[in-house]
Amino acid sequence: MTGLPALVSLRSVSRTYRTDSAAVIAVHDVSFDIKRGERVAIMGPSGSGKSTLMNMVGLLDRPSAGAVLLEGEDVDDLPDDRRSELRSQSIGFVFQSYNLLARHNALQNVELPLVYCGVHRKERKLRAQECLKAVGMLHRAQHFPKQLSGGEQQRVAIARALVASPAIILADEPTGALDSRTGADILALFDTLHDGGQTIVMITHDASVAARCERTIVLRDGQIVADEMNAHTANGIATQ
Ligand SMILES: Nc1ncnc2c1ncn2[C@@H]1O[C@H](COP(=O)(O)OP(=O)(O)O)[C@@H](O)[C@H]1O
Ligand SMILES: [Mg+2]
């Protein structure tokens, strides 16, 4: 093999949740690579293991078996503090429910990942302002989450995900709580990020959202049932 290792590599990854009464196999023997600059949709019905998979790629959880590699490095056995550090430097999260801190204004929310990275206050503010500008929210920097619409909150959440220049953005149903028009605006923002070379993994159960991505991985009962390039993007013809 030549060249750089894949950005993310899952090798025969399984994750079992053990409760008092039973063991649930949420992800079973899943393998795939994600290259730099790829935009991948993860689809599958509710309960098929999408979030469990994302939590492992995002270093929030460890596999029960198999290995997760980030830039060729096996990250499963790293100590928790090193994993947290790596997570804040390398992964940007976007959730369906935005997950902004209610007591912080937009600017402070976006600055937060840089606090964890130990970036100095002045620099933090500048970089957070840049990211708010990039998502069209600089004019709302002093607003608190409850003073913002859902679409605006998601823009701020995307700015927060971007602020530490992560290697990969993981988005779990990023348009799931938005009306279709606002959702389309958010997807257009992801288009811009993708065009700029950002690696993106987006969980969705909406086929029209997945169609914006160049590749779709479909899960069922914790296993991959399809992993395909999307025809309309594979031949270089842009979607509408
Ligand atoms: N913390 C947990 N404890 C026990 N079972 C869980 C836990 N989290 C998820 N599961 C189970 O694992 C399976 C996959 O869940 P999840 O990854 O959330 O699926 P999806 O995101 O595709 O809806 C489901 O059967 C779910 O009930
Ligand atoms: Mg889920």
# chains A, B, ... in the order shown; residues from 1 in each chain; ligands from 1
call {"tool": "residues_around", "arguments": {"residues": "region 77-92 of chain A", "least_positions_apart": "6", "cutoff": "7 Å", "atoms": "only C-alpha atoms", "output": "list in words"}}
result
Gly58, Leu59, Pro113, Tyr116, Cys117, Ala161, Leu162, Ala164, Pro166, Ala167, Ile168, Ile169 and Leu170 of chain A
call {"tool": "select_by_dssp", "arguments": {"residues": "region 8-157 of chain A", "states": "alpha helix (DSSP H)", "output": "ChimeraX atom specification"}}
result
/A:50-57,80-90,106-116,121-134,150-157
call {"tool": "residues_around", "arguments": {"residues": "Ser14 (chain A)", "least_positions_apart": "5", "cutoff": "6 Å", "atoms": "only C-alpha atoms", "output": "PDB file with C-alpha atoms, in the first residue's frame"}}
result
ATOM      1  CA  VAL A  27     -22.838  -2.945  15.693  1.00  0.00           C
ATOM      2  CA  HIS A  28     -21.543  -6.224  14.304  1.00  0.00           C
ATOM      3  CA  ASP A  29     -18.339  -6.742  12.308  1.00  0.00           C
ATOM      4  CA  PRO A  63     -15.540  -1.019  20.283  1.00  0.00           C
ATOM      5  CA  SER A  64     -16.138  -4.308  22.086  1.00  0.00           C
ATOM      6  CA  ALA A  65     -14.126  -6.006  19.327  1.00  0.00           C
TER       7      ALA A  65
END
call {"tool": "residues_around", "arguments": {"residues": "region 46-54 of chain A", "least_positions_apart": "3", "cutoff": "12 Å", "atoms": "only C-alpha atoms", "output": "number ranges by chain"}}
result
A: 8-10, 12-17, 24-32, 40-43, 57-64, 68, 91-96, 168-173, 200-206, 217-225
call {"tool": "residues_around", "arguments": {"residues": "Arg127 (chain A)", "least_positions_apart": "4", "cutoff": "7 Å", "atoms": "only C-alpha atoms", "output": "list in words"}}
result
Glu123, Cys131 and Val163 of chain A
call {"tool": "closest_residue", "arguments": {"among": "A:Pro174, A:Gln129, A:Ser165, A:Met56", "to": "Gly150 (chain A)", "atoms": "only C-alpha atoms"}}
result
A:Pro174
call {"tool": "decode", "arguments": {"residues": "region 46-119 of chain A", "atoms": "C-alpha atoms", "output": "mmCIF file, in the first residue's frame"}}
result
data_model
loop_
_atom_site.group_PDB
_atom_site.id
_atom_site.type_symbol
_atom_site.label_atom_id
_atom_site.label_comp_id
_atom_site.auth_asym_id
_atom_site.auth_seq_id
_atom_site.Cartn_x
_atom_site.Cartn_y
_atom_site.Cartn_z
ATOM 1 C CA SER A 46 -33.896 3.537 13.745
ATOM 2 C CA GLY A 47 -31.943 1.187 15.987
ATOM 3 C CA SER A 48 -29.648 -0.044 13.207
ATOM 4 C CA GLY A 49 -26.511 1.175 14.996
ATOM 5 C CA LYS A 50 -25.821 4.521 13.298
ATOM 6 C CA SER A 51 -25.242 6.545 16.462
ATOM 7 C CA THR A 52 -23.252 3.734 18.079
ATOM 8 C CA LEU A 53 -20.995 3.719 15.025
ATOM 9 C CA MET A 54 -20.603 7.489 15.101
ATOM 10 C CA ASN A 55 -19.744 7.430 18.796
ATOM 11 C CA MET A 56 -16.886 5.041 18.095
ATOM 12 C CA VAL A 57 -15.558 7.057 15.140
ATOM 13 C CA GLY A 58 -15.856 10.171 17.334
ATOM 14 C CA LEU A 59 -13.892 8.607 20.207
ATOM 15 C CA LEU A 60 -16.867 8.878 22.547
ATOM 16 C CA ASP A 61 -17.057 5.114 22.846
ATOM 17 C CA ARG A 62 -14.786 2.121 22.297
ATOM 18 C CA PRO A 63 -15.540 -1.019 20.283
ATOM 19 C CA SER A 64 -16.138 -4.308 22.086
ATOM 20 C CA ALA A 65 -14.126 -6.006 19.327
ATOM 21 C CA GLY A 66 -12.161 -4.865 16.276
ATOM 22 C CA ALA A 67 -10.238 -1.633 15.853
ATOM 23 C CA VAL A 68 -10.828 2.039 15.089
ATOM 24 C CA LEU A 69 -7.856 3.767 13.432
ATOM 25 C CA LEU A 70 -7.508 7.505 13.055
ATOM 26 C CA GLU A 71 -4.898 8.501 10.468
ATOM 27 C CA GLY A 72 -3.497 4.992 10.744
ATOM 28 C CA GLU A 73 -3.201 5.040 14.539
ATOM 29 C CA ASP A 74 -5.145 2.547 16.644
ATOM 30 C CA VAL A 75 -6.948 4.818 19.099
ATOM 31 C CA ASP A 76 -8.888 2.260 21.131
ATOM 32 C CA ASP A 77 -6.184 1.594 23.686
ATOM 33 C CA LEU A 78 -5.170 5.200 24.261
ATOM 34 C CA PRO A 79 -5.859 6.514 27.773
ATOM 35 C CA ASP A 80 -9.049 8.560 28.244
ATOM 36 C CA ASP A 81 -7.261 11.914 28.534
ATOM 37 C CA ARG A 82 -5.376 11.348 25.275
ATOM 38 C CA ARG A 83 -8.642 10.324 23.571
ATOM 39 C CA SER A 84 -10.348 13.498 24.831
ATOM 40 C CA GLU A 85 -7.473 15.582 23.560
ATOM 41 C CA LEU A 86 -7.544 13.867 20.173
ATOM 42 C CA ARG A 87 -11.331 14.262 20.031
ATOM 43 C CA SER A 88 -11.223 18.004 20.647
ATOM 44 C CA GLN A 89 -8.461 18.468 18.053
ATOM 45 C CA SER A 90 -9.707 16.130 15.342
ATOM 46 C CA ILE A 91 -13.486 15.732 15.540
ATOM 47 C CA GLY A 92 -16.271 18.266 15.148
ATOM 48 C CA PHE A 93 -19.744 17.100 16.229
ATOM 49 C CA VAL A 94 -23.093 18.347 14.960
ATOM 50 C CA PHE A 95 -26.271 16.923 16.510
ATOM 51 C CA GLN A 96 -29.943 16.958 15.564
ATOM 52 C CA SER A 97 -30.759 18.913 18.727
ATOM 53 C CA TYR A 98 -27.878 21.453 18.280
ATOM 54 C CA ASN A 99 -26.659 20.885 21.880
ATOM 55 C CA LEU A 100 -25.638 24.498 22.488
ATOM 56 C CA LEU A 101 -25.088 25.589 26.087
ATOM 57 C CA ALA A 102 -28.089 27.723 27.086
ATOM 58 C CA ARG A 103 -26.145 30.056 29.402
ATOM 59 C CA HIS A 104 -23.517 30.879 26.800
ATOM 60 C CA ASN A 105 -24.069 33.216 23.886
ATOM 61 C CA ALA A 106 -23.327 32.152 20.309
ATOM 62 C CA LEU A 107 -19.735 33.407 20.388
ATOM 63 C CA GLN A 108 -18.993 31.699 23.723
ATOM 64 C CA ASN A 109 -20.503 28.433 22.453
ATOM 65 C CA VAL A 110 -18.261 28.516 19.392
ATOM 66 C CA GLU A 111 -15.190 29.340 21.499
ATOM 67 C CA LEU A 112 -15.692 26.386 23.803
ATOM 68 C CA PRO A 113 -13.748 23.683 21.869
ATOM 69 C CA LEU A 114 -10.769 26.056 21.807
ATOM 70 C CA VAL A 115 -10.900 26.359 25.595
ATOM 71 C CA TYR A 116 -10.365 22.581 25.724
ATOM 72 C CA CYS A 117 -7.501 22.935 23.236
ATOM 73 C CA GLY A 118 -5.823 25.538 25.450
ATOM 74 C CA VAL A 119 -6.028 28.386 22.932
#
